[in-house]
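model.txt, holding compact mmCIF, C-alpha atoms:
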```txt
# COMPACT_ATOMS: atom_id res chain seq x y z
CA MET Q 1 137.53 57.94 117.77
CA SER Q 2 136.28 61.34 116.59
CA SER Q 3 133.90 59.72 114.11
CA ILE Q 4 132.35 57.66 116.90
CA GLY Q 5 131.98 60.81 118.93
CA LEU Q 6 130.25 62.57 116.06
CA ILE Q 7 127.79 59.73 115.52
CA GLY Q 8 127.16 59.70 119.25
CA LEU Q 9 126.34 63.39 119.19
CA GLN Q 10 124.07 62.97 116.19
CA SER Q 11 122.08 60.15 117.70
CA LYS Q 12 121.83 62.08 120.95
CA ARG Q 13 120.29 64.94 118.97
CA ARG Q 14 117.99 62.47 117.25
CA ALA Q 15 116.87 61.16 120.63
CA TYR Q 16 116.03 64.68 121.83
CA MET Q 17 114.27 65.51 118.58
CA LEU Q 18 112.21 62.32 118.79
CA ALA Q 19 111.28 63.01 122.40
CA VAL Q 20 110.00 66.49 121.46
CA LEU Q 21 108.06 65.10 118.48
CA ILE Q 22 106.55 62.32 120.58
CA VAL Q 23 105.29 64.78 123.20
CA ALA Q 24 103.89 67.08 120.49
CA ASN Q 25 102.24 64.10 118.75
CA VAL Q 26 100.61 62.95 121.95
CA MET Q 27 99.19 66.43 122.55
CA CYS Q 28 97.64 66.41 119.07
CA THR Q 29 96.32 62.88 119.58
CA VAL Q 30 94.57 63.77 122.83
CA PHE Q 31 93.12 66.90 121.25
CA PHE Q 32 91.65 65.00 118.29
CA ALA Q 33 90.48 62.09 120.43
CA MET Q 34 88.69 64.43 122.83
CA ASP Q 35 87.08 66.27 119.94
CA VAL Q 36 85.84 62.99 118.49
CA ILE Q 37 84.35 62.01 121.85
CA ALA Q 38 82.72 65.42 122.26
CA ASP Q 39 81.31 65.18 118.72
CA ILE Q 40 79.87 61.73 119.35
CA GLU Q 41 78.24 63.03 122.53
CA SER Q 42 76.55 65.91 120.75
CA PHE Q 43 76.01 64.07 117.47
CA GLY Q 44 73.62 65.68 115.09
CA SER Q 45 75.37 69.03 115.21
CA GLY Q 46 78.52 67.54 113.69
CA GLU Q 47 78.57 65.75 110.35
CA ALA Q 48 79.72 62.17 110.01
CA SER Q 49 82.50 63.00 107.53
CA HIS Q 50 84.04 65.53 109.93
CA LEU Q 51 83.94 62.90 112.66
CA MET Q 52 85.56 60.32 110.39
CA VAL Q 53 88.42 62.62 109.44
CA GLU Q 54 89.16 63.39 113.05
CA ALA Q 55 88.93 59.77 114.11
CA VAL Q 56 91.31 58.71 111.34
CA ALA Q 57 93.71 61.53 112.27
CA ALA Q 58 93.69 60.40 115.90
CA ILE Q 59 94.38 56.78 114.93
CA VAL Q 60 97.19 57.76 112.55
CA LEU Q 61 98.74 59.89 115.30
CA VAL Q 62 98.56 57.02 117.78
CA VAL Q 63 100.25 54.62 115.35
CA GLY Q 64 102.90 57.21 114.47
CA THR Q 65 103.61 57.90 118.12
CA GLY Q 66 103.96 54.18 118.76
CA PHE Q 67 106.54 53.87 116.00
CA MET Q 68 108.47 56.85 117.33
CA LEU Q 69 108.46 55.41 120.85
CA PHE Q 70 110.06 52.19 119.62
CA GLU Q 71 112.53 54.12 117.46
CA LEU Q 72 113.50 56.24 120.47
CA ARG Q 73 114.04 53.15 122.58
CA ARG Q 74 116.24 51.66 119.86
CA ILE Q 75 118.37 54.81 119.66
CA LEU Q 76 118.69 54.99 123.44
CA GLN Q 77 119.81 51.36 123.61
CA ARG Q 78 122.33 51.91 120.83
CA ASN Q 79 123.69 55.03 122.54
CA ALA Q 80 124.02 53.15 125.81
CA SER Q 81 125.95 50.24 124.28
CA MET Q 82 128.08 52.68 122.29
CA GLU Q 83 128.95 54.52 125.47
CA ILE Q 84 130.05 51.22 127.02
CA GLY Q 85 132.20 50.50 123.97
CA LEU Q 86 133.72 53.97 124.05
CA ARG Q 87 134.66 53.68 127.69
CA ALA Q 88 136.47 50.43 127.00
CA ALA Q 89 138.23 51.96 124.01
CA ARG Q 90 139.50 54.81 126.14
CA GLY Q 91 140.97 52.33 128.55
CA ASP Q 92 138.60 53.54 131.21
CA MET Q 93 138.45 50.03 132.59
CA GLN Q 94 137.79 51.12 136.16
CA ALA Q 95 134.66 53.04 135.22
CA LEU Q 96 133.54 50.14 133.05
CA ILE Q 97 133.99 47.66 135.89
CA ASP Q 98 132.25 49.99 138.36
CA GLY Q 99 129.40 50.43 135.88
CA PHE Q 100 128.86 46.70 135.55
CA PHE Q 101 129.14 46.17 139.31
CA SER Q 102 126.51 48.86 139.88
CA GLU Q 103 124.29 47.39 137.21
CA TRP Q 104 124.52 43.99 138.87
CA ARG Q 105 123.78 45.64 142.22
CA LEU Q 106 126.78 44.13 143.97
CA SER Q 107 127.18 45.02 147.61
CA ASP Q 108 130.40 46.66 148.83
CA ALA Q 109 131.84 43.32 149.95
CA GLU Q 110 130.86 41.62 146.70
CA ARG Q 111 132.49 44.42 144.69
CA ASP Q 112 135.75 43.89 146.51
CA VAL Q 113 135.63 40.14 145.95
CA ALA Q 114 134.63 40.53 142.30
CA LEU Q 115 137.51 42.92 141.68
CA LEU Q 116 139.98 40.49 143.25
CA LEU Q 117 138.44 37.73 141.11
CA LEU Q 118 139.06 39.81 138.00
CA LYS Q 119 142.62 40.30 139.12
CA GLY Q 120 143.00 36.55 138.99
CA LEU Q 121 143.22 35.67 142.69
CA ASP Q 122 141.89 32.33 143.90
CA ASN Q 123 139.39 31.91 146.72
CA ASP Q 124 141.98 31.20 149.43
CA SER Q 125 144.03 34.29 148.54
CA ILE Q 126 140.92 36.47 148.51
CA ALA Q 127 139.90 35.02 151.89
CA SER Q 128 143.29 35.76 153.42
CA ILE Q 129 143.40 39.30 151.98
CA ARG Q 130 139.93 40.09 153.25
CA GLY Q 131 140.44 38.23 156.51
CA THR Q 132 137.35 36.05 156.03
CA ALA Q 133 136.74 32.31 155.80
CA SER Q 134 137.11 30.81 152.33
CA GLY Q 135 133.57 29.49 152.67
CA THR Q 136 132.38 33.10 152.89
CA VAL Q 137 134.30 33.96 149.74
CA ARG Q 138 132.81 30.97 147.95
CA ALA Q 139 129.30 32.11 148.90
CA GLN Q 140 130.10 35.66 147.80
CA CYS Q 141 131.42 34.38 144.48
CA ALA Q 142 128.23 32.39 143.93
CA ARG Q 143 126.17 35.51 144.56
CA ILE Q 144 128.34 37.57 142.21
CA TYR Q 145 128.00 35.00 139.42
CA ALA Q 146 124.24 34.83 139.98
CA LYS Q 147 123.85 38.62 139.90
CA ALA Q 148 126.05 38.90 136.80
CA GLY Q 149 124.20 36.04 135.16
CA VAL Q 150 127.38 34.07 134.39
CA ASP Q 151 128.44 30.49 135.08
CA GLY Q 152 131.77 31.15 136.70
CA ARG Q 153 135.05 32.97 136.85
CA SER Q 154 136.04 32.70 133.19
CA GLN Q 155 132.63 33.88 132.02
CA LEU Q 156 132.84 36.83 134.42
CA MET Q 157 136.15 37.73 132.78
CA SER Q 158 134.68 37.37 129.31
CA VAL Q 159 131.97 39.96 130.09
CA PHE Q 160 134.70 42.59 130.29
CA MET Q 161 136.85 41.13 127.52
CA GLU Q 162 133.89 41.29 125.18
CA GLU Q 163 133.58 45.03 125.77
CA LEU Q 164 137.27 45.47 125.06
CA LEU Q 165 137.48 43.33 121.95
CA GLY Q 166 134.23 42.85 120.08
CA GLU Q 167 131.89 45.69 120.90
CA PRO Q 168 133.46 48.92 119.62
CA LEU Q 169 134.21 47.49 116.17
CA ALA Q 170 130.81 45.89 115.80
CA LYS Q 171 129.10 49.09 116.91
CA ARG Q 172 131.12 51.21 114.52
CA GLY Q 173 130.09 48.97 111.62
CA ASP Q 174 126.49 49.08 112.72
CA ALA Q 175 126.47 52.87 112.97
CA GLY Q 176 128.20 53.19 109.59
CA ALA Q 177 125.58 51.04 107.93
CA LEU Q 178 122.89 53.20 109.46
CA GLN Q 179 124.52 56.38 108.22
CA VAL Q 180 124.36 55.08 104.66
CA ALA Q 181 120.72 54.08 105.03
CA MET D 1 140.91 47.25 153.64
CA ASP D 2 143.34 46.75 150.82
CA ALA D 3 140.59 45.81 148.41
CA THR D 4 138.48 48.83 149.33
CA SER D 5 141.27 51.21 148.51
CA THR D 6 141.87 49.55 145.13
CA ARG D 7 138.25 49.89 144.22
CA GLY D 8 138.18 53.62 144.89
CA ALA D 9 141.45 54.22 143.10
CA GLY D 10 141.71 55.81 139.70
CA ASP D 11 138.59 58.00 139.67
CA ALA D 12 137.81 61.45 140.94
CA GLY D 13 135.38 60.05 143.49
CA ILE D 14 132.29 60.73 141.38
CA GLN D 15 130.67 58.27 139.05
CA VAL D 16 128.39 59.73 136.37
CA ILE D 17 125.57 57.37 135.43
CA PRO D 18 123.04 58.19 132.71
CA VAL D 19 119.64 57.46 134.25
CA TRP D 20 116.78 59.57 132.86
CA ASP D 21 116.24 59.46 129.10
CA PRO D 22 115.13 62.57 127.15
CA LEU D 23 111.48 61.53 127.04
CA VAL D 24 111.23 61.00 130.81
CA ARG D 25 112.72 64.44 131.42
CA MET D 26 110.57 66.13 128.82
CA ILE D 27 107.41 64.57 130.26
CA HIS D 28 108.46 65.54 133.80
CA TRP D 29 109.06 69.22 133.06
CA SER D 30 106.09 69.47 130.69
CA LEU D 31 103.89 68.12 133.46
CA VAL D 32 105.34 70.74 135.82
CA ALA D 33 104.50 73.47 133.29
CA VAL D 34 101.01 72.10 132.72
CA ILE D 35 100.26 71.88 136.46
CA VAL D 36 101.49 75.45 137.06
CA LEU D 37 99.50 76.71 134.07
CA ASN D 38 96.21 75.12 135.06
CA GLY D 39 96.67 75.64 138.78
CA PHE D 40 97.60 79.29 138.74
CA VAL D 41 97.42 80.89 135.30
CA THR D 42 94.46 79.76 133.20
CA ASP D 43 90.86 80.63 134.03
CA PRO D 44 89.02 77.37 134.87
CA GLU D 45 85.97 78.57 132.92
CA ASN D 46 88.12 79.14 129.86
CA ARG D 47 88.65 76.83 126.87
CA LEU D 48 92.42 77.09 127.41
CA HIS D 49 92.08 75.38 130.81
CA GLU D 50 90.47 72.45 129.01
CA TYR D 51 93.22 72.20 126.40
CA VAL D 52 95.98 72.36 128.98
CA GLY D 53 94.13 69.63 130.87
CA TYR D 54 94.15 67.46 127.72
CA ALA D 55 97.89 68.02 127.52
CA ALA D 56 98.23 66.80 131.12
CA LEU D 57 96.22 63.68 130.28
CA GLY D 58 98.38 63.02 127.23
CA LEU D 59 101.59 63.42 129.23
CA VAL D 60 100.57 61.00 131.97
CA VAL D 61 99.26 58.40 129.50
CA LEU D 62 102.48 58.72 127.49
CA ARG D 63 104.55 58.21 130.64
CA LEU D 64 102.52 55.13 131.53
CA VAL D 65 103.15 53.66 128.07
CA TRP D 66 106.85 54.51 128.39
CA GLY D 67 106.82 52.77 131.76
CA LEU D 68 105.95 49.58 129.91
CA ILE D 69 108.14 49.79 126.80
CA GLY D 70 110.81 52.36 127.76
CA PRO D 71 114.45 51.79 128.72
CA ARG D 72 115.41 50.15 132.00
CA HIS D 73 115.33 53.01 134.50
CA ALA D 74 112.09 54.42 133.05
CA ARG D 75 110.21 51.14 133.47
CA PHE D 76 107.73 50.35 136.23
CA THR D 77 109.83 47.29 137.03
CA ALA D 78 112.64 49.65 138.09
CA PHE D 79 110.39 51.30 140.69
CA PRO D 80 107.52 48.97 141.62
CA PRO D 81 104.93 50.37 144.05
CA ASN D 82 106.02 48.73 147.29
CA PRO D 83 104.93 50.33 150.60
CA VAL D 84 107.07 47.87 152.60
CA ALA D 85 110.19 48.89 150.69
CA ALA D 86 109.20 52.55 151.17
CA LEU D 87 108.99 52.07 154.95
CA ARG D 88 112.34 50.30 154.89
CA HIS D 89 113.80 53.21 152.94
CA ILE D 90 112.55 55.66 155.58
CA ARG D 91 113.99 53.49 158.36
CA ASP D 92 117.34 53.15 156.58
CA THR D 93 117.48 56.88 155.90
CA VAL D 94 116.70 57.77 159.50
CA SER D 95 119.34 55.33 160.73
CA GLY D 96 121.86 56.89 158.36
CA ARG D 97 122.22 53.97 156.00
CA ASN D 98 120.90 55.55 152.82
CA LEU D 99 120.94 52.97 150.04
CA LEU D 100 121.31 54.49 146.60
CA HIS D 101 118.69 53.79 143.94
CA LEU D 102 119.44 54.53 140.31
CA SER D 103 115.78 54.84 139.39
CA HIS D 104 113.29 56.33 141.90
CA ASN D 105 113.84 55.29 145.52
CA PRO D 106 110.90 53.24 146.92
CA LEU D 107 109.41 56.24 148.73
CA GLY D 108 109.81 58.47 145.69
CA ALA D 109 108.20 55.75 143.57
CA LEU D 110 105.03 55.91 145.69
CA MET D 111 104.96 59.69 145.23
CA VAL D 112 105.37 59.31 141.48
CA TYR D 113 102.39 56.95 141.24
CA ASN D 114 100.40 59.20 143.57
CA ILE D 115 101.01 62.30 141.44
CA TRP D 116 100.15 60.51 138.20
CA ALA D 117 96.94 59.10 139.71
CA THR D 118 95.97 62.53 141.07
CA VAL D 119 96.52 64.20 137.69
CA LEU D 120 94.38 61.47 136.06
CA VAL D 121 91.59 62.13 138.60
CA LEU D 122 91.83 65.86 137.81
CA CYS D 123 91.63 65.11 134.07
CA ALA D 124 88.71 62.70 134.47
CA THR D 125 86.63 65.05 136.65
CA GLY D 126 87.58 68.00 134.46
CA ILE D 127 86.37 66.22 131.34
CA MET D 128 83.21 65.07 133.15
CA MET D 129 82.34 68.67 134.00
CA GLY D 130 82.30 69.45 130.29
CA THR D 131 79.94 66.61 129.40
CA ILE D 132 76.16 66.84 129.31
CA ARG D 133 75.67 63.87 131.61
CA PHE D 134 77.76 65.24 134.49
CA PHE D 135 77.37 68.97 133.83
CA GLY D 136 76.56 71.02 136.93
CA LEU D 137 76.94 68.14 139.39
CA ASP D 138 78.44 69.40 142.62
CA TRP D 139 80.31 66.27 143.61
CA VAL D 140 82.31 66.22 140.37
CA LYS D 141 83.45 69.79 140.97
CA GLU D 142 84.25 68.99 144.59
CA VAL D 143 86.36 65.97 143.65
CA HIS D 144 88.18 68.15 141.11
CA GLU D 145 88.96 70.76 143.78
CA VAL D 146 89.96 68.26 146.46
CA ALA D 147 92.20 66.49 143.95
CA PHE D 148 93.90 69.80 143.15
CA SER D 149 94.56 70.50 146.85
CA TRP D 150 95.90 66.96 147.20
CA LEU D 151 98.13 67.55 144.16
CA MET D 152 99.54 70.72 145.70
CA ALA D 153 100.27 68.89 148.98
CA SER D 154 101.88 66.07 147.00
CA VAL D 155 104.07 68.47 145.02
CA ALA D 156 105.22 70.09 148.27
CA LEU D 157 106.08 66.67 149.74
CA HIS D 158 107.76 65.69 146.47
CA LEU D 159 110.01 68.76 146.64
CA ILE D 160 110.83 68.10 150.30
CA GLY D 161 111.61 64.49 149.43
CA VAL D 162 113.88 65.46 146.53
CA PHE D 163 115.87 67.93 148.61
CA ALA D 164 116.07 65.61 151.61
CA GLU D 165 117.29 62.73 149.44
CA THR D 166 119.78 65.01 147.70
CA TRP D 167 121.11 66.11 151.06
CA MET D 168 121.30 62.59 152.52
CA SER D 169 122.67 60.73 149.50
CA GLY D 170 124.87 63.47 148.04
CA VAL D 171 123.42 62.84 144.59
CA PRO D 172 122.03 66.07 143.07
CA LEU D 173 118.61 64.82 141.97
CA VAL D 174 117.28 68.02 140.38
CA ARG D 175 120.32 68.16 138.14
CA ALA D 176 119.77 64.51 137.24
CA MET D 177 116.24 65.32 136.07
CA ILE D 178 117.66 68.17 133.94
CA ASP D 179 120.64 66.54 132.21
CA GLY D 180 119.64 62.93 132.87
CA ARG D 181 122.83 61.93 134.70
CA LYS D 182 123.16 60.94 138.33
CA ARG D 183 126.47 61.89 139.92
CA VAL D 184 127.09 59.15 142.43
CA PRO D 185 129.88 59.41 145.00
CA ALA D 186 132.24 56.51 144.28
CA GLY D 187 131.87 53.44 146.43
CA ARG D 188 128.22 54.00 147.26
CA GLU D 189 126.08 50.94 147.61
CA THR D 190 123.53 51.07 144.81
CA GLU D 191 120.31 49.24 144.20
```
Represent the structure of the file as structure tokens.
Amino acid sequence: MSSIGLIGLQSKRRAYMLAVLIVANVMCTVFFAMDVIADIESFGSGEASHLMVEAVAAIVLVVGTGFMLFELRRILQRNASMEIGLRAARGDMQALIDGFFSEWRLSDAERDVALLLLKGLDNDSIASIRGTASGTVRAQCARIYAKAGVDGRSQLMSVFMEELLGEPLAKRGDAGALQVA
Amino acid sequence: MDATSTRGAGDAGIQVIPVWDPLVRMIHWSLVAVIVLNGFVTDPENRLHEYVGYAALGLVVLRLVWGLIGPRHARFTAFPPNPVAALRHIRDTVSGRNLLHLSHNPLGALMVYNIWATVLVLCATGIMMGTIRFFGLDWVKEVHEVAFSWLMASVALHLIGVFAETWMSGVPLVRAMIDGRKRVPAGRETE
């Protein structure tokens, strides 16, 4: 657990560091690019070699910034999925479920139904608990499955089971491999 | 009834959701610094004003790129420019049904695009003033000045919007732009 936390902290620092570098890089890029444009405008005063060097510098900076942007996105995605895994590992199932429900943009009613679904109740029981028609529950279930992008009840379950079983181990291995590299 | 109480059970009533990544926050506050610097500190005739302007251009362009390739909440798809949705948001807010948005709310989204566009106009006219072709043209200077006034009005409205939304939704938005996390009262309807 503590090792995961440490890696999390490290990659958070990496993300901040990258963000600072990206902003600094972009500032330099704009500066060089503007200088190149100004030089082209008043050509004759500047020499071609000077112009070339600046143009190359600007291009290199743009490419470098691009790479850093994609690297930052990768780190952010990894941090996000690690956070999901950590929550599951801590048994913070409620927060995990709430997180997914929010991500799927379930309405209040749909959240209630989805939670009862996860608890293993069938449509008729849910309808009687909520005091609605079972047709309403069926429609709500269909919307929940559509929003969650799953085929049905068992797949909805497996979304959460996957976080509990597979994710944390896989992520730990992934992070370990990265540490070595 | 029963189901509602189960859902709220087991947490302290606040859900902490990471929303703004480090780059979004850095660009936001850098842009604030750059606008304050060029609006009130640097001398417009000075070279420094130009350089700070370049920085502003770089920041907005970077944010636009990040809006295409960045993580979910930073993407344009998370806050598309939609005047109809913005009107609906105003109506909902007035009628007390304030729907929670993890990225920018539809009205805030319009303001975001407006501020970026205004900064780009300021950069474009600023750069034009330094070129031989547009040097000394009055209309360029006028557009630059009008754009700055518009930017100041926009910033004022932006601040009012942020504090109004914070007050209505109970989600501290300034804090979210500092540490990146939105603290959402449990059980709020989010979109």
For this session: Specify as a ChimeraX atom specification all residues of chain Q found within 9 Å of chain D, counting all atoms listed in the file.
Result: /Q:15-16,18-20,22-23,26-31,34,38,41-42,69-70,72-73,76-77,80,94-95,98-99,102-109,111-113,115-116,129-130
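The interatomic distance for the pair CA of Pro185 (chain D) and CA of Leu100 (chain D) works out to 10.0 Å.
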Exercise. Can you tell me, as number ranges by chain, what residues are no more than 10 Å from Leu87 (chain D) when counting all atoms listed in the file, ignoring any on the same chain fewer than 6 positions away?
Worked result: D: 93, 106-107
Exercise. What is the distance, in Å and to one decimal place, between CA of Leu61 (chain Q) and CA of Asn25 (chain Q)?
Worked result: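 Straight-line distance from CA of Leu61 (chain Q) to CA of Asn25 (chain Q) works out to 6.5 Å.
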Exercise. Contacts of region 139-142 of chain Q at 9 Å or less, counting only C-alpha atoms, minus same-chain residues fewer than 5 places along, as a list in words?
Worked result: Ala109, Glu110, Val113, Ala114, Leu117, Asn123, Ser134, Lys147, Gly152 and Arg153 of chain Q
Export of prior selection with C-alpha atoms as a PDB file, keeping the file's coordinate frame:
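Output saved as again_15.pdb:
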```
ATOM      1  CA  ALA Q 109     131.840  43.320 149.950  1.00  0.00           C
ATOM      2  CA  GLU Q 110     130.860  41.620 146.700  1.00  0.00           C
ATOM      3  CA  VAL Q 113     135.630  40.140 145.950  1.00  0.00           C
ATOM      4  CA  ALA Q 114     134.630  40.530 142.300  1.00  0.00           C
ATOM      5  CA  LEU Q 117     138.440  37.730 141.110  1.00  0.00           C
ATOM      6  CA  ASN Q 123     139.390  31.910 146.720  1.00  0.00           C
ATOM      7  CA  SER Q 134     137.110  30.810 152.330  1.00  0.00           C
ATOM      8  CA  LYS Q 147     123.850  38.620 139.900  1.00  0.00           C
ATOM      9  CA  GLY Q 152     131.770  31.150 136.700  1.00  0.00           C
ATOM     10  CA  ARG Q 153     135.050  32.970 136.850  1.00  0.00           C
TER      11      ARG Q 153
END
```
What are the centre and the three edge lengths of an axis-aligned box that wraps all atoms of region 120-123 of chain D in the file, given that 5 Å is added to every side, written as lines of an AutoDock Vina configuration file and rounded to one decimal in Å?
```
center_x = 93.0
center_y = 63.7
center_z = 136.3
size_x = 12.8
size_y = 14.4
size_z = 14.5
```
Exercise. Quick one, how far is CA of Val121 (chain D) from CA of Phe148 (chain D)?
Worked result: 9.2 Å
Problem set entry | 9 Å contact set for Leu110 (chain D), all atoms listed in the file, chain neighbours under 2 positions out, as a list in words |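 The contact residues come out as Phe79, Pro80, Pro81, Asn82, Pro83, Ala86, Asn105, Pro106, Leu107, Gly108, Val112, Tyr113, Asn114 and Ile115 of chain D.
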Problem set entry | From D:Gly170, D:Gly180, D:Gly136, D:Pro44, residue lying nearest Leu99 (chain D) [all atoms listed in the file] |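 When distances to Leu99 (chain D) are compared using all atoms listed in the file, the smallest one comes from D:Gly170.
Checking Q:Gly149, Q:Ala55, Q:Ala24, Q:Met93 one by one against Ile37 (chain Q), counting all atoms listed in the file, you find the shortest gap at Q:Ala55.
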Give me, as a PDB file with C-alpha atoms, in the frame of the given file, all polymer residues having an atom no more than 12 Å from Ala153 (chain D), counting all atoms listed in the file and skipping those fewer than 5 positions away in the same chain.
```
ATOM      1  CA  MET D 111     104.960  59.690 145.230  1.00  0.00           C
ATOM      2  CA  ASN D 114     100.400  59.200 143.570  1.00  0.00           C
ATOM      3  CA  ILE D 115     101.010  62.300 141.440  1.00  0.00           C
ATOM      4  CA  THR D 118      95.970  62.530 141.070  1.00  0.00           C
ATOM      5  CA  VAL D 146      89.960  68.260 146.460  1.00  0.00           C
ATOM      6  CA  ALA D 147      92.200  66.490 143.950  1.00  0.00           C
ATOM      7  CA  PHE D 148      93.900  69.800 143.150  1.00  0.00           C
ATOM      8  CA  HIS D 158     107.760  65.690 146.470  1.00  0.00           C
ATOM      9  CA  LEU D 159     110.010  68.760 146.640  1.00  0.00           C
ATOM     10  CA  ILE D 160     110.830  68.100 150.300  1.00  0.00           C
TER      11      ILE D 160
END
```
Exercise. Hey, what's within 12 Å of Asp39 (chain Q) if we count only C-alpha atoms and toss same-chain stuff fewer than 6 positions away? As an NGL selection string, please?
Worked result: (:Q and (32-33 or 45-55)) or (:D and (131-132))
N, CA and C atoms for region 127-146 of chain Q, written as a compact mmCIF listing (two decimals), keeping the file's coordinate frame, could you do that?
```txt
# COMPACT_ATOMS: atom_id res chain seq x y z
N ALA Q 127 140.29 35.18 150.49
CA ALA Q 127 139.90 35.02 151.89
C ALA Q 127 140.97 35.59 152.82
N SER Q 128 142.23 35.30 152.51
CA SER Q 128 143.29 35.76 153.42
C SER Q 128 143.47 37.28 153.32
N ILE Q 129 143.30 37.83 152.12
CA ILE Q 129 143.40 39.30 151.98
C ILE Q 129 142.29 39.99 152.75
N ARG Q 130 141.08 39.45 152.62
CA ARG Q 130 139.93 40.09 153.25
C ARG Q 130 139.76 39.67 154.71
N GLY Q 131 140.53 38.68 155.12
CA GLY Q 131 140.44 38.23 156.51
C GLY Q 131 139.13 37.52 156.81
N THR Q 132 138.59 36.79 155.81
CA THR Q 132 137.35 36.05 156.03
C THR Q 132 137.62 34.57 155.77
N ALA Q 133 136.61 33.73 156.08
CA ALA Q 133 136.74 32.31 155.80
C ALA Q 133 136.58 32.09 154.30
N SER Q 134 137.21 31.03 153.78
CA SER Q 134 137.11 30.81 152.33
C SER Q 134 135.71 30.37 151.94
N GLY Q 135 134.97 29.82 152.92
CA GLY Q 135 133.57 29.49 152.67
C GLY Q 135 132.77 30.75 152.37
N THR Q 136 133.05 31.82 153.12
CA THR Q 136 132.38 33.10 152.89
C THR Q 136 132.66 33.59 151.48
N VAL Q 137 133.93 33.50 151.09
CA VAL Q 137 134.30 33.96 149.74
C VAL Q 137 133.58 33.15 148.68
N ARG Q 138 133.51 31.82 148.92
CA ARG Q 138 132.81 30.97 147.95
C ARG Q 138 131.35 31.40 147.80
N ALA Q 139 130.71 31.68 148.94
CA ALA Q 139 129.30 32.11 148.90
C ALA Q 139 129.18 33.45 148.17
N GLN Q 140 130.14 34.36 148.47
CA GLN Q 140 130.10 35.66 147.80
C GLN Q 140 130.29 35.51 146.29
N CYS Q 141 131.20 34.62 145.90
CA CYS Q 141 131.42 34.38 144.48
C CYS Q 141 130.14 33.88 143.82
N ALA Q 142 129.47 32.94 144.48
CA ALA Q 142 128.23 32.39 143.93
C ALA Q 142 127.22 33.50 143.71
N ARG Q 143 127.12 34.40 144.70
CA ARG Q 143 126.17 35.51 144.56
C ARG Q 143 126.56 36.44 143.42
N ILE Q 144 127.86 36.70 143.29
CA ILE Q 144 128.34 37.57 142.21
C ILE Q 144 127.99 36.97 140.85
N TYR Q 145 128.29 35.66 140.70
CA TYR Q 145 128.00 35.00 139.42
C TYR Q 145 126.50 35.03 139.14
N ALA Q 146 125.69 34.82 140.18
CA ALA Q 146 124.24 34.83 139.98
C ALA Q 146 123.78 36.21 139.54
```
